[in-house]
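Structure below is upload.txt: compact mmCIF, C-alpha atoms.
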```
# COMPACT_ATOMS: atom_id res chain seq x y z
CA MET Y 237 73.86 89.43 41.05
CA ARG Y 238 72.33 92.22 43.12
CA LYS Y 239 68.88 90.61 42.87
CA TYR Y 240 70.22 87.34 44.32
CA LEU Y 241 71.86 89.16 47.20
CA ILE Y 242 68.67 91.03 48.07
CA LEU Y 243 66.60 87.86 47.70
CA SER Y 244 68.91 85.88 49.98
CA LEU Y 245 68.79 88.67 52.59
CA LEU Y 246 65.00 88.67 52.49
CA ILE Y 247 64.92 84.91 52.98
CA PHE Y 248 67.50 84.59 55.80
CA LEU Y 249 66.82 87.80 57.73
CA PRO Y 250 63.47 86.62 59.20
CA ILE Y 251 65.04 83.30 60.25
CA THR Y 252 67.79 85.02 62.25
CA SER Y 253 65.33 87.41 63.90
CA ILE Y 254 63.16 84.46 64.99
CA ALA Y 255 66.22 82.70 66.43
CA GLN Y 256 67.28 85.81 68.35
CA GLU Y 257 63.74 86.35 69.66
CA ASN Y 258 63.94 83.16 71.75
CA ASN Y 259 67.44 83.75 73.14
CA TYR Y 260 66.78 86.10 76.03
CA PHE Y 261 66.63 85.84 79.81
CA LEU Y 262 63.74 86.33 82.20
CA MET Y 263 63.62 85.78 85.95
CA LEU Y 264 61.06 84.34 88.34
CA LYS Y 265 58.62 86.87 89.77
CA ASN Y 266 57.44 84.80 92.75
CA LYS Y 267 58.89 82.52 95.46
CA LYS Y 268 56.97 79.49 94.18
CA VAL Y 269 56.56 78.88 90.43
CA ASN Y 270 55.14 75.75 88.76
CA VAL Y 271 56.98 74.36 85.74
CA ARG Y 272 54.80 72.28 83.41
CA TYR Y 273 55.37 69.57 80.81
CA GLY Y 274 53.57 71.59 78.13
CA PRO Y 275 52.33 75.10 77.29
CA SER Y 276 48.95 74.97 79.06
CA PHE Y 277 47.46 74.71 82.55
CA ASP Y 278 46.08 71.34 81.40
CA TYR Y 279 49.58 69.82 81.47
CA PRO Y 280 50.78 68.34 84.77
CA ILE Y 281 53.38 70.07 86.93
CA LYS Y 282 56.89 68.81 86.19
CA PHE Y 283 58.62 70.52 89.16
CA VAL Y 284 58.42 73.69 91.25
CA TYR Y 285 60.99 76.50 91.49
CA LYS Y 286 61.29 78.02 94.96
CA LYS Y 287 63.88 80.74 94.25
CA ILE Y 288 62.62 84.25 93.51
CA GLU Y 289 64.57 86.16 90.81
CA LEU Y 290 66.21 83.00 89.43
CA PRO Y 291 67.39 83.78 85.86
CA LEU Y 292 65.98 81.51 83.13
CA LYS Y 293 66.72 81.41 79.41
CA VAL Y 294 63.69 81.44 77.09
CA ILE Y 295 64.08 78.77 74.39
CA ASP Y 296 60.55 78.71 72.97
CA LYS Y 297 57.18 80.38 73.36
CA LYS Y 298 53.58 79.52 72.66
CA GLU Y 299 50.78 81.98 73.43
CA ASN Y 300 51.13 82.98 77.11
CA PHE Y 301 53.67 80.29 78.02
CA ARG Y 302 57.46 80.34 77.73
CA ARG Y 303 59.68 77.28 77.56
CA VAL Y 304 62.67 78.01 79.75
CA ILE Y 305 65.93 76.34 80.71
CA ASP Y 306 67.94 76.99 83.86
CA HIS Y 307 71.68 76.87 84.59
CA LYS Y 308 71.39 73.16 85.48
CA LYS Y 309 69.74 72.35 82.10
CA ASN Y 310 66.27 71.73 83.62
CA SER Y 311 63.54 72.86 81.24
CA GLY Y 312 59.78 73.24 81.14
CA TRP Y 313 56.90 75.63 80.46
CA ILE Y 314 56.02 78.60 82.70
CA HIS Y 315 53.12 81.05 82.33
CA ILE Y 316 54.32 84.56 81.43
CA SER Y 317 52.59 86.02 84.52
CA GLN Y 318 55.21 84.26 86.67
CA LEU Y 319 58.16 85.87 84.84
CA LYS Y 320 59.67 89.35 84.57
CA SER Y 321 62.63 90.96 82.80
CA SER Y 322 65.94 89.69 84.11
CA HIS Y 323 68.42 91.62 86.23
CA SER Y 324 70.07 88.66 87.91
CA LEU Y 325 72.92 86.19 87.40
CA ILE Y 326 73.95 82.80 88.74
CA THR Y 327 77.63 81.91 89.20
CA THR Y 328 78.52 78.64 87.45
CA SER Y 329 81.91 78.49 89.20
CA GLU Y 330 83.64 80.26 92.08
CA LYS Y 331 84.06 84.02 91.55
CA ILE Y 332 85.87 86.80 93.40
CA LEU Y 333 83.92 89.95 94.33
CA PHE Y 334 86.03 93.14 94.11
CA THR Y 335 85.53 96.66 95.50
CA ASN Y 336 86.22 98.30 92.10
CA PRO Y 337 86.08 97.14 88.45
CA THR Y 338 89.73 96.06 88.28
CA LYS Y 339 91.59 92.90 89.27
CA TYR Y 340 93.98 95.02 91.32
CA SER Y 341 91.30 96.32 93.70
CA LYS Y 342 90.61 94.81 97.12
CA PRO Y 343 88.79 91.44 97.06
CA LEU Y 344 85.64 91.49 99.20
CA ALA Y 345 84.43 87.89 99.10
CA LYS Y 346 84.67 84.56 97.32
CA LEU Y 347 81.31 83.68 95.76
CA ASP Y 348 80.49 79.98 95.56
CA GLN Y 349 79.05 78.24 92.52
CA GLY Y 350 75.27 78.67 92.25
CA ARG Y 351 75.15 82.03 94.05
CA LEU Y 352 72.31 84.35 92.98
CA LEU Y 353 73.55 87.85 92.09
CA LYS Y 354 71.40 90.93 91.45
CA VAL Y 355 72.82 93.16 88.72
CA ILE Y 356 73.01 96.88 89.46
CA LYS Y 357 74.81 97.79 86.22
CA CYS Y 358 77.28 96.29 83.76
CA GLU Y 359 80.19 97.84 81.92
CA THR Y 360 82.33 96.39 79.15
CA LYS Y 361 84.16 93.78 81.23
CA TRP Y 362 82.66 94.16 84.71
CA CYS Y 363 79.27 94.01 86.45
CA ASN Y 364 78.33 95.81 89.65
CA ILE Y 365 76.28 93.31 91.67
CA ARG Y 366 74.58 92.84 95.02
CA THR Y 367 74.16 89.57 96.89
CA ASP Y 368 72.89 89.17 100.46
CA ASP Y 369 75.49 90.98 102.62
CA TYR Y 370 77.88 92.02 99.83
CA SER Y 371 77.98 94.55 97.03
CA GLY Y 372 80.84 94.91 94.54
CA TRP Y 373 82.20 94.12 91.08
CA ILE Y 374 82.70 90.81 89.28
CA LEU Y 375 84.46 90.09 86.00
CA LYS Y 376 82.10 89.25 83.13
CA ASP Y 377 83.03 85.87 81.67
CA SER Y 378 81.55 82.55 80.62
CA ASN Y 379 81.14 81.47 84.28
CA LEU Y 380 77.96 83.51 84.70
CA TRP Y 381 74.41 82.51 83.74
CA GLY Y 382 71.87 85.24 83.06
CA SER Y 383 71.41 88.63 81.47
CA MET Y 384 74.35 91.03 81.67
CA ASN Y 385 72.67 94.04 80.02
```
For this file, produce the structure as structure tokens.
Amino acid sequence: MRKYLILSLLIFLPITSIAQENNYFLMLKNKKVNVRYGPSFDYPIKFVYKKIELPLKVIDKKENFRRVIDHKKNSGWIHISQLKSSHSLITTSEKILFTNPTKYSKPLAKLDQGRLLKVIKCETKWCNIRTDDYSGWILKDSNLWGSMN
């Protein structure tokens, strides 16, 4: 019985580590980034991102290219030189920005859907963020797209 348990762990453990390896966020390093149909400079450009620090989820990788998907479900291949580790979020619905990490603190602003937020730090249920003219705390929930580490 113990042999079967160890054998099954050895078989399934690499599969889960491969799946987790592709589920992480990166963000755009430059103001203009080409997204391609395939993982090579030989593939034509599918579209161009023009938003620096936009968070993207990595769903596949091949050599120096990463297949990414954005919060609007657009996907394509980007060279790794155009990406960096993610410290940003996108709101997928309206959010309230608070002065402190509690719902009872003073609201500072209402953030519209699609707003780019730069993460300063995150706690268990709250993230301290900065966006254009505002800095404050937002509640971590499913209405945010990006890395909350």
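From CA of Leu262 in chain Y back to CA of Lys297 in chain Y, the distance works out to 12.5 Å.
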Given only C-alpha atoms as the basis, pick out the residue of Y:Leu375, Y:Leu352, Y:Ile365, Y:Ile281 nearest to Thr338 in chain Y.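 Using only C-alpha atoms, the shortest distance to Thr338 in chain Y belongs to Y:Leu375.
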Which of these residues is nearest to Lys361 in chain Y, using only C-alpha atoms: Y:Gln349, Y:Ser341, Y:Ser317, Y:Asn385? Y:Asn385
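Shortest atom-to-atom contact with Lys309 in chain Y among Y:Thr335, Y:His323, Y:Trp381, Y:Tyr340: Y:Trp381, counting all atoms listed in the file.
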Write out as a VMD selection string the residues lying within 8 Å of Gly274 in chain Y, counting all atoms listed in the file and excluding same-chain residues fewer than 3 positions away. chain Y and resid 279 to 280 312 to 313
Hey, what's within 10 Å of Phe261 in chain Y if we count all atoms listed in the file and toss same-chain stuff fewer than 3 positions away? As an NGL selection string, please? :Y and (258 or 291-295 or 304-306 or 319-325 or 381-384)
Under the rule that only C-alpha atoms are counted, which of Y:Asn259, Y:Thr360, Y:Gln318, Y:Asn300 is the nearest residue to Tyr285 in chain Y?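 Once distances to Tyr285 in chain Y are computed over only C-alpha atoms, the minimum belongs to Y:Gln318.
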What gap, in Å, lies between CA of Leu333 in chain Y and CA of Gly372 in chain Y?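 Distance between the two atoms: 5.8 Å.
One distance worth recording is that between CA of Met263 in chain Y and CA of Ser371 in chain Y, which is 20.1 Å.
The closest residue to Val284 in chain Y, picked from Y:His307, Y:Lys267, Y:Lys298, Y:Lys342 and counting all atoms listed in the file, is Y:Lys267.
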Please identify all polymer residues within 12 Å of Phe283 in chain Y, counting only C-alpha atoms, omitting same-chain residues fewer than 5 positions from it, and present them as a PyMOL selection string. chain Y and resi 268-273+310-314
When you look at Lys346 in chain Y with a cut-off of 7 Å (counting all atoms listed in the file), what residues show up, excluding the ones that are within fewer than 3 positions of it in the same chain? I need them as a list in words.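 Neighbouring residues, sequence-local ones excluded: Glu330, Lys331, Ile332 and Leu333 of chain Y.
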Counting only C-alpha atoms, the residue of Y:Ile374, Y:Ile326, Y:Leu290, Y:Ala345 that sits nearest Cys358 in chain Y: Y:Ile374
Could you add N, CA and C atoms to range 296-328 of chain Y and give me the result as a PDB file, keeping the file's coordinate frame?
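Dumped to out29.pdb:
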```pdb
ATOM      1  N   ASP Y 296      61.706  78.835  73.859  1.00  0.00           N
ATOM      2  CA  ASP Y 296      60.550  78.710  72.970  1.00  0.00           C
ATOM      3  C   ASP Y 296      59.382  79.456  73.611  1.00  0.00           C
ATOM      4  N   LYS Y 297      58.380  79.765  72.800  1.00  0.00           N
ATOM      5  CA  LYS Y 297      57.180  80.380  73.360  1.00  0.00           C
ATOM      6  C   LYS Y 297      55.964  79.950  72.567  1.00  0.00           C
ATOM      7  N   LYS Y 298      54.854  79.861  73.279  1.00  0.00           N
ATOM      8  CA  LYS Y 298      53.580  79.520  72.660  1.00  0.00           C
ATOM      9  C   LYS Y 298      52.500  80.227  73.458  1.00  0.00           C
ATOM     10  N   GLU Y 299      51.816  81.153  72.808  1.00  0.00           N
ATOM     11  CA  GLU Y 299      50.780  81.980  73.430  1.00  0.00           C
ATOM     12  C   GLU Y 299      51.312  82.626  74.699  1.00  0.00           C
ATOM     13  N   ASN Y 300      50.719  82.338  75.859  1.00  0.00           N
ATOM     14  CA  ASN Y 300      51.130  82.980  77.110  1.00  0.00           C
ATOM     15  C   ASN Y 300      52.126  82.156  77.916  1.00  0.00           C
ATOM     16  N   PHE Y 301      52.700  81.132  77.332  1.00  0.00           N
ATOM     17  CA  PHE Y 301      53.670  80.290  78.020  1.00  0.00           C
ATOM     18  C   PHE Y 301      55.044  80.424  77.377  1.00  0.00           C
ATOM     19  N   ARG Y 302      56.081  80.306  78.203  1.00  0.00           N
ATOM     20  CA  ARG Y 302      57.460  80.340  77.730  1.00  0.00           C
ATOM     21  C   ARG Y 302      58.153  79.053  78.158  1.00  0.00           C
ATOM     22  N   ARG Y 303      58.863  78.438  77.207  1.00  0.00           N
ATOM     23  CA  ARG Y 303      59.680  77.280  77.560  1.00  0.00           C
ATOM     24  C   ARG Y 303      61.034  77.819  77.979  1.00  0.00           C
ATOM     25  N   VAL Y 304      61.449  77.463  79.174  1.00  0.00           N
ATOM     26  CA  VAL Y 304      62.670  78.010  79.750  1.00  0.00           C
ATOM     27  C   VAL Y 304      63.627  76.883  80.119  1.00  0.00           C
ATOM     28  N   ILE Y 305      64.888  77.263  80.250  1.00  0.00           N
ATOM     29  CA  ILE Y 305      65.930  76.340  80.710  1.00  0.00           C
ATOM     30  C   ILE Y 305      66.757  77.073  81.747  1.00  0.00           C
ATOM     31  N   ASP Y 306      67.145  76.360  82.809  1.00  0.00           N
ATOM     32  CA  ASP Y 306      67.940  76.990  83.860  1.00  0.00           C
ATOM     33  C   ASP Y 306      69.423  76.630  83.723  1.00  0.00           C
ATOM     34  N   HIS Y 307      70.229  77.091  84.659  1.00  0.00           N
ATOM     35  CA  HIS Y 307      71.680  76.870  84.590  1.00  0.00           C
ATOM     36  C   HIS Y 307      72.066  75.412  84.809  1.00  0.00           C
ATOM     37  N   LYS Y 308      71.138  74.588  85.303  1.00  0.00           N
ATOM     38  CA  LYS Y 308      71.390  73.160  85.480  1.00  0.00           C
ATOM     39  C   LYS Y 308      70.799  72.330  84.348  1.00  0.00           C
ATOM     40  N   LYS Y 309      70.327  72.979  83.297  1.00  0.00           N
ATOM     41  CA  LYS Y 309      69.740  72.350  82.100  1.00  0.00           C
ATOM     42  C   LYS Y 309      68.363  71.741  82.339  1.00  0.00           C
ATOM     43  N   ASN Y 310      67.666  72.127  83.409  1.00  0.00           N
ATOM     44  CA  ASN Y 310      66.270  71.730  83.620  1.00  0.00           C
ATOM     45  C   ASN Y 310      65.397  72.613  82.746  1.00  0.00           C
ATOM     46  N   SER Y 311      64.394  72.043  82.101  1.00  0.00           N
ATOM     47  CA  SER Y 311      63.540  72.860  81.240  1.00  0.00           C
ATOM     48  C   SER Y 311      62.071  72.497  81.444  1.00  0.00           C
ATOM     49  N   GLY Y 312      61.221  73.435  81.045  1.00  0.00           N
ATOM     50  CA  GLY Y 312      59.780  73.240  81.140  1.00  0.00           C
ATOM     51  C   GLY Y 312      59.072  74.516  80.742  1.00  0.00           C
ATOM     52  N   TRP Y 313      57.747  74.504  80.886  1.00  0.00           N
ATOM     53  CA  TRP Y 313      56.900  75.630  80.460  1.00  0.00           C
ATOM     54  C   TRP Y 313      56.380  76.388  81.677  1.00  0.00           C
ATOM     55  N   ILE Y 314      56.491  77.731  81.620  1.00  0.00           N
ATOM     56  CA  ILE Y 314      56.020  78.600  82.700  1.00  0.00           C
ATOM     57  C   ILE Y 314      55.112  79.676  82.086  1.00  0.00           C
ATOM     58  N   HIS Y 315      54.012  79.975  82.788  1.00  0.00           N
ATOM     59  CA  HIS Y 315      53.120  81.050  82.330  1.00  0.00           C
ATOM     60  C   HIS Y 315      53.838  82.387  82.454  1.00  0.00           C
ATOM     61  N   ILE Y 316      53.633  83.270  81.491  1.00  0.00           N
ATOM     62  CA  ILE Y 316      54.320  84.560  81.430  1.00  0.00           C
ATOM     63  C   ILE Y 316      54.043  85.428  82.655  1.00  0.00           C
ATOM     64  N   SER Y 317      52.916  85.226  83.328  1.00  0.00           N
ATOM     65  CA  SER Y 317      52.590  86.020  84.520  1.00  0.00           C
ATOM     66  C   SER Y 317      53.550  85.741  85.678  1.00  0.00           C
ATOM     67  N   GLN Y 318      54.273  84.639  85.614  1.00  0.00           N
ATOM     68  CA  GLN Y 318      55.210  84.260  86.670  1.00  0.00           C
ATOM     69  C   GLN Y 318      56.645  84.716  86.385  1.00  0.00           C
ATOM     70  N   LEU Y 319      56.829  85.449  85.278  1.00  0.00           N
ATOM     71  CA  LEU Y 319      58.160  85.870  84.840  1.00  0.00           C
ATOM     72  C   LEU Y 319      58.233  87.376  84.682  1.00  0.00           C
ATOM     73  N   LYS Y 320      59.441  87.919  84.821  1.00  0.00           N
ATOM     74  CA  LYS Y 320      59.670  89.350  84.570  1.00  0.00           C
ATOM     75  C   LYS Y 320      61.056  89.519  83.945  1.00  0.00           C
ATOM     76  N   SER Y 321      61.352  90.726  83.452  1.00  0.00           N
ATOM     77  CA  SER Y 321      62.630  90.960  82.800  1.00  0.00           C
ATOM     78  C   SER Y 321      63.777  90.710  83.779  1.00  0.00           C
ATOM     79  N   SER Y 322      64.864  90.193  83.263  1.00  0.00           N
ATOM     80  CA  SER Y 322      65.940  89.690  84.110  1.00  0.00           C
ATOM     81  C   SER Y 322      66.977  90.750  84.442  1.00  0.00           C
ATOM     82  N   HIS Y 323      67.316  90.794  85.731  1.00  0.00           N
ATOM     83  CA  HIS Y 323      68.420  91.620  86.230  1.00  0.00           C
ATOM     84  C   HIS Y 323      69.189  90.810  87.255  1.00  0.00           C
ATOM     85  N   SER Y 324      69.366  89.523  86.964  1.00  0.00           N
ATOM     86  CA  SER Y 324      70.070  88.660  87.910  1.00  0.00           C
ATOM     87  C   SER Y 324      70.969  87.678  87.178  1.00  0.00           C
ATOM     88  N   LEU Y 325      71.943  87.141  87.919  1.00  0.00           N
ATOM     89  CA  LEU Y 325      72.920  86.190  87.400  1.00  0.00           C
ATOM     90  C   LEU Y 325      73.071  85.045  88.396  1.00  0.00           C
ATOM     91  N   ILE Y 326      73.561  83.927  87.894  1.00  0.00           N
ATOM     92  CA  ILE Y 326      73.950  82.800  88.740  1.00  0.00           C
ATOM     93  C   ILE Y 326      75.412  82.498  88.406  1.00  0.00           C
ATOM     94  N   THR Y 327      76.238  82.292  89.438  1.00  0.00           N
ATOM     95  CA  THR Y 327      77.630  81.910  89.200  1.00  0.00           C
ATOM     96  C   THR Y 327      77.681  80.420  88.875  1.00  0.00           C
ATOM     97  N   THR Y 328      78.386  80.054  87.814  1.00  0.00           N
ATOM     98  CA  THR Y 328      78.520  78.640  87.450  1.00  0.00           C
ATOM     99  C   THR Y 328      79.858  78.074  87.917  1.00  0.00           C
TER     100      THR Y 328
END
```
